[in-house]
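Okay, my_file.pdb is below, PDB, C-alpha atoms and all ligand atoms:
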```
ATOM      1  CA  MET A 390    -178.889  33.675 124.986
ATOM      2  CA  ALA A 391    -177.380  30.246 125.220
ATOM      3  CA  SER A 392    -177.524  27.986 122.210
ATOM      4  CA  PRO A 393    -179.585  24.777 122.389
ATOM      5  CA  ARG A 394    -178.193  21.694 124.043
ATOM      6  CA  PRO A 395    -176.235  19.636 121.527
ATOM      7  CA  ILE A 396    -178.409  16.570 121.974
ATOM      8  CA  LEU A 397    -181.369  18.513 120.688
ATOM      9  CA  ARG A 398    -179.797  20.082 117.639
ATOM     10  CA  PRO A 399    -181.044  17.434 115.211
ATOM     11  CA  LEU A 400    -184.580  18.501 116.089
ATOM     12  CA  SER A 401    -183.837  21.621 114.078
ATOM     13  CA  HIS A 402    -184.934  19.445 111.169
ATOM     14  CA  PHE A 403    -188.445  20.235 112.238
ATOM     15  CA  ARG A 404    -189.493  23.466 110.630
ATOM     16  CA  CYS A 405    -192.776  24.827 109.457
ATOM     17  CA  SER A 406    -194.601  25.283 105.971
ATOM     18  CA  ALA A 407    -197.941  26.586 104.820
ATOM     19  CA  LEU A 408    -201.057  24.855 106.038
ATOM     20  CA  ARG A 409    -204.112  23.674 104.242
ATOM     21  CA  PRO A 410    -207.558  23.470 105.809
ATOM     22  CA  THR A 411    -208.432  19.944 106.724
ATOM     23  CA  SER A 412    -211.171  18.047 108.425
ATOM     24  CA  SER A 413    -211.256  17.264 112.085
ATOM     25  CA  LEU A 414    -208.910  15.773 114.608
ATOM     26  CA  THR A 415    -211.604  14.408 116.775
ATOM     27  CA  ARG A 416    -212.147  10.861 117.945
ATOM     28  CA  THR A 417    -214.502   9.911 120.703
ATOM     29  CA  SER A 418    -214.356   6.675 122.680
ATOM     30  CA  GLY A 419    -214.017   8.446 125.996
ATOM     31  CA  ILE A 420    -211.109  10.607 124.946
ATOM     32  CA  THR A 421    -211.352  14.352 125.169
ATOM     33  CA  PRO A 422    -211.285  15.474 121.559
ATOM     34  CA  VAL A 423    -208.515  17.649 120.288
ATOM     35  CA  ARG A 424    -209.546  21.223 119.704
ATOM     36  CA  GLN A 425    -210.215  21.704 116.026
ATOM     37  CA  LEU A 426    -208.115  24.303 114.349
ATOM     38  CA  SER A 427    -208.899  26.109 111.168
ATOM     39  CA  SER A 428    -205.721  24.802 109.593
ATOM     40  CA  SER A 429    -203.918  21.592 110.156
ATOM     41  CA  PRO A 430    -200.876  19.951 108.769
ATOM     42  CA  THR A 431    -200.524  17.976 105.657
ATOM     43  CA  PHE A 432    -196.969  18.002 104.692
ATOM     44  CA  SER A 433    -194.892  19.527 101.952
ATOM     45  CA  ALA A 434    -191.313  19.405 100.799
ATOM     46  CA  PRO A 435    -188.410  18.329 102.973
ATOM     47  CA  PRO A 436    -186.456  21.006 104.706
ATOM     48  CA  THR A 437    -184.947  23.263 102.131
ATOM     49  CA  PRO A 438    -182.081  25.659 102.733
ATOM     50  CA  SER A 439    -182.929  27.566 105.842
ATOM     51  CA  PRO A 440    -181.215  29.440 108.639
ATOM     52  CA  PRO A 441    -178.522  27.092 109.988
ATOM     53  CA  SER A 442    -178.530  28.332 113.543
ATOM     54  CA  LEU A 443    -181.102  27.874 116.254
ATOM     55  CA  SER A 444    -180.055  31.054 117.965
ATOM     56  CA  PRO A 445    -183.100  32.583 119.639
ATOM     57  CA  SER A 446    -182.068  35.946 118.226
ATOM     58  CA  GLN A 447    -183.054  34.647 114.828
ATOM     59  CA  HIS A 448    -186.596  34.143 115.965
ATOM     60  CA  HIS A 449    -187.128  37.844 115.656
ATOM     61  CA  GLN A 450    -185.941  38.428 112.153
ATOM     62  CA  GLN A 451    -188.066  40.851 110.166
ATOM     63  CA  PRO A 452    -191.303  39.244 108.941
ATOM     64  CA  PRO A 453    -191.323  38.060 105.323
ATOM     65  CA  SER A 454    -192.970  40.178 102.656
ATOM     66  CA  ALA A 455    -196.093  38.860 100.965
ATOM     67  CA  SER A 456    -194.366  38.279  97.615
ATOM     68  CA  ALA A 457    -191.181  36.617  98.875
ATOM     69  CA  PRO A 458    -190.935  32.852  99.477
ATOM     70  CA  LYS A 459    -191.838  32.093 103.056
ATOM     71  CA  PRO A 460    -188.858  31.469 105.322
ATOM     72  CA  LYS A 461    -188.761  28.650 107.838
ATOM     73  CA  LYS A 462    -188.608  29.454 111.476
ATOM     74  CA  PRO A 463    -186.073  27.686 113.693
ATOM     75  CA  LEU A 464    -187.348  25.898 116.747
ATOM     76  CA  THR A 465    -186.881  27.637 120.054
ATOM     77  CA  PRO A 466    -185.054  25.731 122.811
ATOM     78  CA  ALA A 467    -188.389  25.221 124.566
ATOM     79  CA  GLN A 468    -189.911  23.728 121.421
ATOM     80  CA  GLN A 469    -186.909  21.437 120.978
ATOM     81  CA  SER A 470    -187.243  20.337 124.581
ATOM     82  CA  PHE A 471    -190.934  19.608 124.094
ATOM     83  CA  LEU A 472    -190.255  17.511 121.018
ATOM     84  CA  SER A 473    -187.465  15.556 122.699
ATOM     85  CA  SER A 474    -189.705  14.752 125.651
ATOM     86  CA  ALA A 475    -192.584  13.827 123.376
ATOM     87  CA  LEU A 476    -190.555  11.399 121.302
ATOM     88  CA  ARG A 477    -188.937   9.871 124.378
ATOM     89  CA  VAL A 478    -192.187   9.245 126.235
ATOM     90  CA  ASN A 479    -193.926   7.957 123.122
ATOM     91  CA  GLN A 480    -191.220   5.401 122.529
ATOM     92  CA  ALA A 481    -191.389   4.257 126.156
ATOM     93  CA  GLY A 482    -195.159   3.958 125.952
ATOM     94  CA  GLU A 483    -195.063   1.930 122.776
ATOM     95  CA  LEU A 484    -192.459  -0.393 124.239
ATOM     96  CA  ALA A 485    -194.729  -0.916 127.232
ATOM     97  CA  ALA A 486    -197.701  -1.600 124.968
ATOM     98  CA  THR A 487    -195.876  -4.315 123.041
ATOM     99  CA  LEU A 488    -194.815  -5.935 126.312
ATOM    100  CA  ILE A 489    -198.313  -5.826 127.779
ATOM    101  CA  TYR A 490    -199.748  -7.631 124.766
ATOM    102  CA  THR A 491    -196.837 -10.062 124.661
ATOM    103  CA  ALA A 492    -197.485 -11.019 128.278
ATOM    104  CA  GLN A 493    -201.265 -11.118 127.964
ATOM    105  CA  THR A 494    -201.553 -13.200 124.846
ATOM    106  CA  PRO A 495    -200.421 -16.697 125.965
ATOM    107  CA  PRO A 496    -202.655 -17.063 129.055
ATOM    108  CA  LEU A 497    -205.545 -15.267 127.401
ATOM    109  CA  VAL A 498    -205.462 -17.209 124.156
ATOM    110  CA  ALA A 499    -205.003 -20.509 125.976
ATOM    111  CA  ARG A 500    -208.431 -20.013 127.544
ATOM    112  CA  GLU A 501    -210.083 -18.125 124.712
ATOM    113  CA  PRO A 502    -208.512 -19.065 121.370
ATOM    114  CA  HIS A 503    -210.914 -16.875 119.414
ATOM    115  CA  LEU A 504    -209.065 -13.827 120.787
ATOM    116  CA  ARG A 505    -205.830 -14.760 119.024
ATOM    117  CA  PRO A 506    -206.434 -12.686 115.848
ATOM    118  CA  LEU A 507    -207.432  -9.635 117.882
ATOM    119  CA  MET A 508    -204.418  -9.880 120.159
ATOM    120  CA  ARG A 509    -202.152 -10.388 117.162
ATOM    121  CA  HIS A 510    -203.663  -7.389 115.384
ATOM    122  CA  MET A 511    -203.203  -5.084 118.359
ATOM    123  CA  TYR A 512    -199.677  -6.337 119.011
ATOM    124  CA  ASP A 513    -198.700  -5.824 115.373
ATOM    125  CA  GLN A 514    -199.913  -2.238 115.467
ATOM    126  CA  GLU A 515    -198.028  -1.561 118.705
ATOM    127  CA  ALA A 516    -194.875  -3.059 117.229
ATOM    128  CA  GLY A 517    -195.281  -0.716 114.266
ATOM    129  CA  HIS A 518    -195.652   2.259 116.587
ATOM    130  CA  LEU A 519    -192.520   1.231 118.458
ATOM    131  CA  ARG A 520    -190.547   0.973 115.219
ATOM    132  CA  THR A 521    -191.738   4.445 114.253
ATOM    133  CA  PHE A 522    -190.512   6.027 117.474
ATOM    134  CA  ASN A 523    -187.287   4.024 117.487
ATOM    135  CA  THR A 524    -186.562   5.520 114.080
ATOM    136  CA  LEU A 525    -187.496   9.039 115.177
ATOM    137  CA  LEU A 526    -185.338   8.843 118.302
ATOM    138  CA  ALA A 527    -182.369   7.643 116.292
ATOM    139  CA  SER A 528    -182.743  10.188 113.507
ATOM    140  CA  HIS A 529    -183.126  13.106 115.937
ATOM    141  CA  ARG A 530    -180.606  11.801 118.449
ATOM    142  CA  VAL A 531    -183.043  11.835 121.325
ATOM    143  CA  ARG A 532    -182.053   9.557 124.169
ATOM    144  CA  PRO A 533    -184.566   6.937 125.309
ATOM    145  CA  THR A 534    -185.906   7.012 128.826
ATOM    146  CA  ALA A 535    -183.397   5.931 131.453
ATOM    147  CA  LEU A 536    -186.147   3.869 133.078
ATOM    148  CA  TYR A 537    -186.503   1.436 130.197
ATOM    149  CA  PRO A 538    -185.849  -1.641 132.403
ATOM    150  CA  LEU A 539    -188.367  -0.529 135.015
ATOM    151  CA  TRP A 540    -191.123   0.167 132.496
ATOM    152  CA  SER A 541    -190.386  -3.150 130.787
ATOM    153  CA  ALA A 542    -190.799  -5.103 134.025
ATOM    154  CA  LEU A 543    -193.934  -3.248 135.057
ATOM    155  CA  ALA A 544    -195.563  -3.604 131.646
ATOM    156  CA  THR A 545    -194.863  -7.316 131.491
ATOM    157  CA  GLY A 546    -196.184  -7.773 135.017
ATOM    158  CA  LEU A 547    -199.301  -5.759 134.262
ATOM    159  CA  GLY A 548    -200.015  -7.728 131.113
ATOM    160  CA  TRP A 549    -199.524 -11.127 132.714
ATOM    161  CA  THR A 550    -201.492 -10.286 135.871
ATOM    162  CA  THR A 551    -204.518  -8.889 134.075
ATOM    163  CA  ALA A 552    -204.587 -11.815 131.646
ATOM    164  CA  MET A 553    -204.527 -14.280 134.548
ATOM    165  CA  LEU A 554    -207.493 -12.451 136.062
ATOM    166  CA  GLY A 555    -209.462 -13.164 132.898
ATOM    167  CA  ARG A 556    -210.594 -11.693 129.618
ATOM    168  CA  GLU A 557    -212.541  -8.876 131.212
ATOM    169  CA  ALA A 558    -209.578  -7.733 133.292
ATOM    170  CA  ALA A 559    -207.201  -7.997 130.344
ATOM    171  CA  MET A 560    -209.544  -5.887 128.252
ATOM    172  CA  ALA A 561    -210.022  -3.421 131.109
ATOM    173  CA  CYS A 562    -206.246  -3.023 131.130
ATOM    174  CA  THR A 563    -206.318  -2.161 127.430
ATOM    175  CA  GLU A 564    -209.242   0.198 127.978
ATOM    176  CA  ALA A 565    -207.389   2.036 130.749
ATOM    177  CA  VAL A 566    -204.057   2.223 128.956
ATOM    178  CA  GLU A 567    -205.516   3.342 125.653
ATOM    179  CA  THR A 568    -207.694   5.958 127.323
ATOM    180  CA  GLU A 569    -204.601   7.561 128.817
ATOM    181  CA  ILE A 570    -202.476   7.116 125.717
ATOM    182  CA  GLY A 571    -205.161   8.497 123.423
ATOM    183  CA  GLY A 572    -205.444  11.594 125.585
ATOM    184  CA  HIS A 573    -201.672  11.849 125.743
ATOM    185  CA  TYR A 574    -201.339  11.818 121.951
ATOM    186  CA  ASN A 575    -204.181  14.300 121.637
ATOM    187  CA  GLY A 576    -202.322  16.680 123.929
ATOM    188  CA  GLN A 577    -199.164  16.423 121.846
ATOM    189  CA  ILE A 578    -201.065  16.979 118.615
ATOM    190  CA  ARG A 579    -202.798  20.011 120.102
ATOM    191  CA  THR A 580    -199.480  21.545 121.132
ATOM    192  CA  LEU A 581    -197.906  20.918 117.725
ATOM    193  CA  LEU A 582    -200.900  22.404 115.940
ATOM    194  CA  GLU A 583    -200.650  25.487 118.109
ATOM    195  CA  MET A 584    -197.012  25.824 117.077
ATOM    196  CA  VAL A 585    -197.994  25.460 113.437
ATOM    197  CA  GLY A 586    -200.790  27.980 113.804
ATOM    198  CA  GLN A 587    -198.426  30.505 115.319
ATOM    199  CA  TRP A 588    -195.862  30.027 112.571
ATOM    200  CA  GLU A 589    -198.512  30.431 109.936
ATOM    201  CA  ALA A 590    -199.831  33.594 111.552
ATOM    202  CA  GLU A 591    -196.309  34.992 111.503
ATOM    203  CA  GLY A 592    -195.873  34.169 107.807
ATOM    204  CA  TYR A 593    -193.444  31.282 108.151
ATOM    205  CA  GLU A 594    -193.554  27.924 106.421
ATOM    206  CA  VAL A 595    -193.791  24.528 108.092
ATOM    207  CA  GLY A 596    -191.304  21.865 107.020
ATOM    208  CA  GLU A 597    -192.259  18.512 105.570
ATOM    209  CA  GLU A 598    -190.803  16.617 108.478
ATOM    210  CA  PHE A 599    -192.827  18.531 111.021
ATOM    211  CA  ARG A 600    -196.033  17.941 109.092
ATOM    212  CA  GLU A 601    -195.240  14.252 108.803
ATOM    213  CA  LEU A 602    -194.732  14.046 112.544
ATOM    214  CA  ILE A 603    -198.202  15.421 113.233
ATOM    215  CA  ALA A 604    -199.761  13.085 110.660
ATOM    216  CA  THR A 605    -197.952  10.137 112.268
ATOM    217  CA  LEU A 606    -199.197  11.077 115.729
ATOM    218  CA  ARG A 607    -202.741  11.347 114.443
ATOM    219  CA  ARG A 608    -202.569   7.932 112.802
ATOM    220  CA  ILE A 609    -201.148   6.300 115.902
ATOM    221  CA  ARG A 610    -203.685   8.084 118.128
ATOM    222  CA  ASP A 611    -206.489   6.690 115.983
ATOM    223  CA  GLU A 612    -205.073   3.169 116.195
ATOM    224  CA  GLU A 613    -204.825   3.413 119.989
ATOM    225  CA  LEU A 614    -208.456   4.441 120.126
ATOM    226  CA  GLU A 615    -209.334   1.457 117.950
ATOM    227  CA  HIS A 616    -207.750  -0.721 120.614
ATOM    228  CA  LEU A 617    -209.861   1.010 123.215
ATOM    229  CA  ASP A 618    -212.984   0.255 121.182
ATOM    230  CA  HIS A 619    -211.951  -3.399 120.794
ATOM    231  CA  ALA A 620    -211.452  -3.700 124.544
ATOM    232  CA  VAL A 621    -214.885  -2.291 125.335
ATOM    233  CA  GLU A 622    -216.464  -4.560 122.727
ATOM    234  CA  HIS A 623    -214.826  -7.520 124.484
ATOM    235  CA  ASP A 624    -216.322  -6.830 127.897
ATOM    236  CA  ALA A 625    -213.698  -4.593 129.467
ATOM    237  CA  ARG A 626    -216.414  -2.904 131.496
ATOM    238  CA  LYS A 627    -217.556  -6.209 132.985
ATOM    239  CA  ALA A 628    -214.273  -6.528 134.876
ATOM    240  CA  GLN A 629    -214.738  -6.536 138.649
ATOM    241  CA  PRO A 630    -214.102  -4.097 140.152
ATOM    242  CA  HIS A 631    -213.833  -2.127 136.914
ATOM    243  CA  TRP A 632    -213.483   1.269 138.552
ATOM    244  CA  LEU A 633    -210.605   0.134 140.738
ATOM    245  CA  LEU A 634    -208.747  -1.770 138.052
ATOM    246  CA  THR A 635    -208.947   0.979 135.459
ATOM    247  CA  GLY A 636    -208.356   3.694 138.035
ATOM    248  CA  VAL A 637    -205.121   2.137 139.248
ATOM    249  CA  ILE A 638    -203.851   1.417 135.741
ATOM    250  CA  ARG A 639    -204.716   4.900 134.475
ATOM    251  CA  ALA A 640    -202.955   6.499 137.434
ATOM    252  CA  GLY A 641    -199.925   4.309 136.748
ATOM    253  CA  CYS A 642    -199.920   5.370 133.107
ATOM    254  CA  ARG A 643    -200.059   9.037 134.015
ATOM    255  CA  GLY A 644    -197.180   8.586 136.435
ATOM    256  CA  ALA A 645    -195.104   6.710 133.879
ATOM    257  CA  ILE A 646    -195.759   9.398 131.274
ATOM    258  CA  TRP A 647    -194.801  12.166 133.681
ATOM    259  CA  VAL A 648    -191.558  10.452 134.643
ATOM    260  CA  SER A 649    -190.595   9.373 131.123
ATOM    261  CA  GLU A 650    -190.950  12.918 129.832
ATOM    262  CA  ARG A 651    -188.243  13.926 132.294
ATOM    263  CA  VAL A 652    -185.988  10.940 132.888
TER     264      VAL A 652
HETATM  265 FE    FE B 701    -199.265   2.133 120.332
HETATM  266 FE    FE B 702    -202.517   0.659 121.667
END
```
Give the structure from this file in structure tokens form.
Ligand SMILES: [Fe+2]
Ligand SMILES: [Fe+2]
Amino acid sequence: MASPRPILRPLSHFRCSALRPTSSLTRTSGITPVRQLSSSPTFSAPPTPSPPSLSPSQHHQQPPSASAPKPKKPLTPAQQSFLSSALRVNQAGELAATLIYTAQTPPLVAREPHLRPLMRHMYDQEAGHLRTFNTLLASHRVRPTALYPLWSALATGLGWTTAMLGREAAMACTEAVETEIGGHYNGQIRTLLEMVGQWEAEGYEVGEEFRELIATLRRIRDEELEHLDHAVEHDARKAQPHWLLTGVIRAGCRGAIWVSERV
């Protein structure tokens, strides 16, 4: 079979190691909870010497014996493709989030100065998320979305428009965006945990970097859902018409996610 595309080779850094039972993945706040697995990642040592090639033929090496150190399983091309798409769309989403808050804050805070600390807090967390994915894209040589300029313009426009409509509309925007993003991160975490579960069942180890990635996604997912809670607490659901505003924004988010995973 063909070897992986060169741009994806650095994702071979992600490999698996043994899992420890952990608590739950679930958060509520309107987001469908991630299915709980019996094992979940907490991460161990960085990738140690392991098979250098990602050739699919290596995926079917003989299973390790119980007494031998567990080998690490190379990512399949499909798994590399999934991870590339995931990192690319996450970075685009976090860029959009920072721009939404940047555009919302001046008109919103001018009318309601007490919201300044909240807006600052949410912006700071989004900026941290963006830095995280910028670093991951660079270290794994994943290209950013080609539609960066389009998403930037749309996010800025969305932020400014909803803020001009008032606090309720601005918060409804956050509610809608974070509902979609929380579900999006949950889906990624679920897929990665399924990969980990399969590796564990086959007797392979999970690499430190892969475990760290899942932990990072969980942390960011939880912070997004905090934003959703803040928005609801600040009257997001009093926006008129709430159903239309959040419906349009959520549909736009889903479209942007779908496109950014591919382009
Ligand atoms: Fe974020
Ligand atoms: Fe957020």
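With all atoms listed in the file as the basis for measurement, A:Gly482 is the residue among A:Gly482, A:Pro460, A:Gly576, A:Pro533 that approaches ligand FE 702 (chain B) most closely.
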**OP:** Considering all atoms listed in the file, return as JSON, numbers by chain whatever protein or nucleic-acid residues lie within 9 Å of Glu612 of chain A, sequence-local ones (same chain, fewer than 3 positions apart) excluded.
**Re:** {"A": [511, 514, 515, 571, 607, 608, 609, 615, 616, 617]}
Write a file of the selected residues as a PDB file, keeping the file's coordinate frame, keeping C-alpha atoms.
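Result file result.pdb:
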```pdb
ATOM      1  CA  MET A 511    -203.203  -5.084 118.359  1.00  0.00           C
ATOM      2  CA  GLN A 514    -199.913  -2.238 115.467  1.00  0.00           C
ATOM      3  CA  GLU A 515    -198.028  -1.561 118.705  1.00  0.00           C
ATOM      4  CA  GLY A 571    -205.161   8.497 123.423  1.00  0.00           C
ATOM      5  CA  ARG A 607    -202.741  11.347 114.443  1.00  0.00           C
ATOM      6  CA  ARG A 608    -202.569   7.932 112.802  1.00  0.00           C
ATOM      7  CA  ILE A 609    -201.148   6.300 115.902  1.00  0.00           C
ATOM      8  CA  GLU A 615    -209.334   1.457 117.950  1.00  0.00           C
ATOM      9  CA  HIS A 616    -207.750  -0.721 120.614  1.00  0.00           C
ATOM     10  CA  LEU A 617    -209.861   1.010 123.215  1.00  0.00           C
TER      11      LEU A 617
END
```
Original post:
Could you spell out the hits of the PyMOL selection byres (((chain A and resi 633-635) around 12) and not hetatm) on the shown file, as a VMD selection string?
Top reply: chain A and resid 547 550 to 551 554 557 to 569 625 to 632 636 to 642
Residue by residue, what does the PyMOL selection byres (((not hetatm)) within 6 of (chain B and resi 701)) grab here? Present the result as a PDB file with C-alpha atoms, in the frame of the given file.
```pdb
ATOM      1  CA  GLU A 483    -195.063   1.930 122.776  1.00  0.00           C
ATOM      2  CA  GLU A 515    -198.028  -1.561 118.705  1.00  0.00           C
ATOM      3  CA  HIS A 518    -195.652   2.259 116.587  1.00  0.00           C
ATOM      4  CA  GLU A 613    -204.825   3.413 119.989  1.00  0.00           C
TER       5      GLU A 613
END
```
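Picture a line from atom CA of Thr494 of chain A to atom CA of Met508 of chain A; it runs 6.4 Å.
With distances taken over all atoms listed in the file, A:Leu519 is the one residue among A:Leu464, A:Ala542, A:Leu519, A:Ala590 lying closest to ligand FE 702 (chain B).
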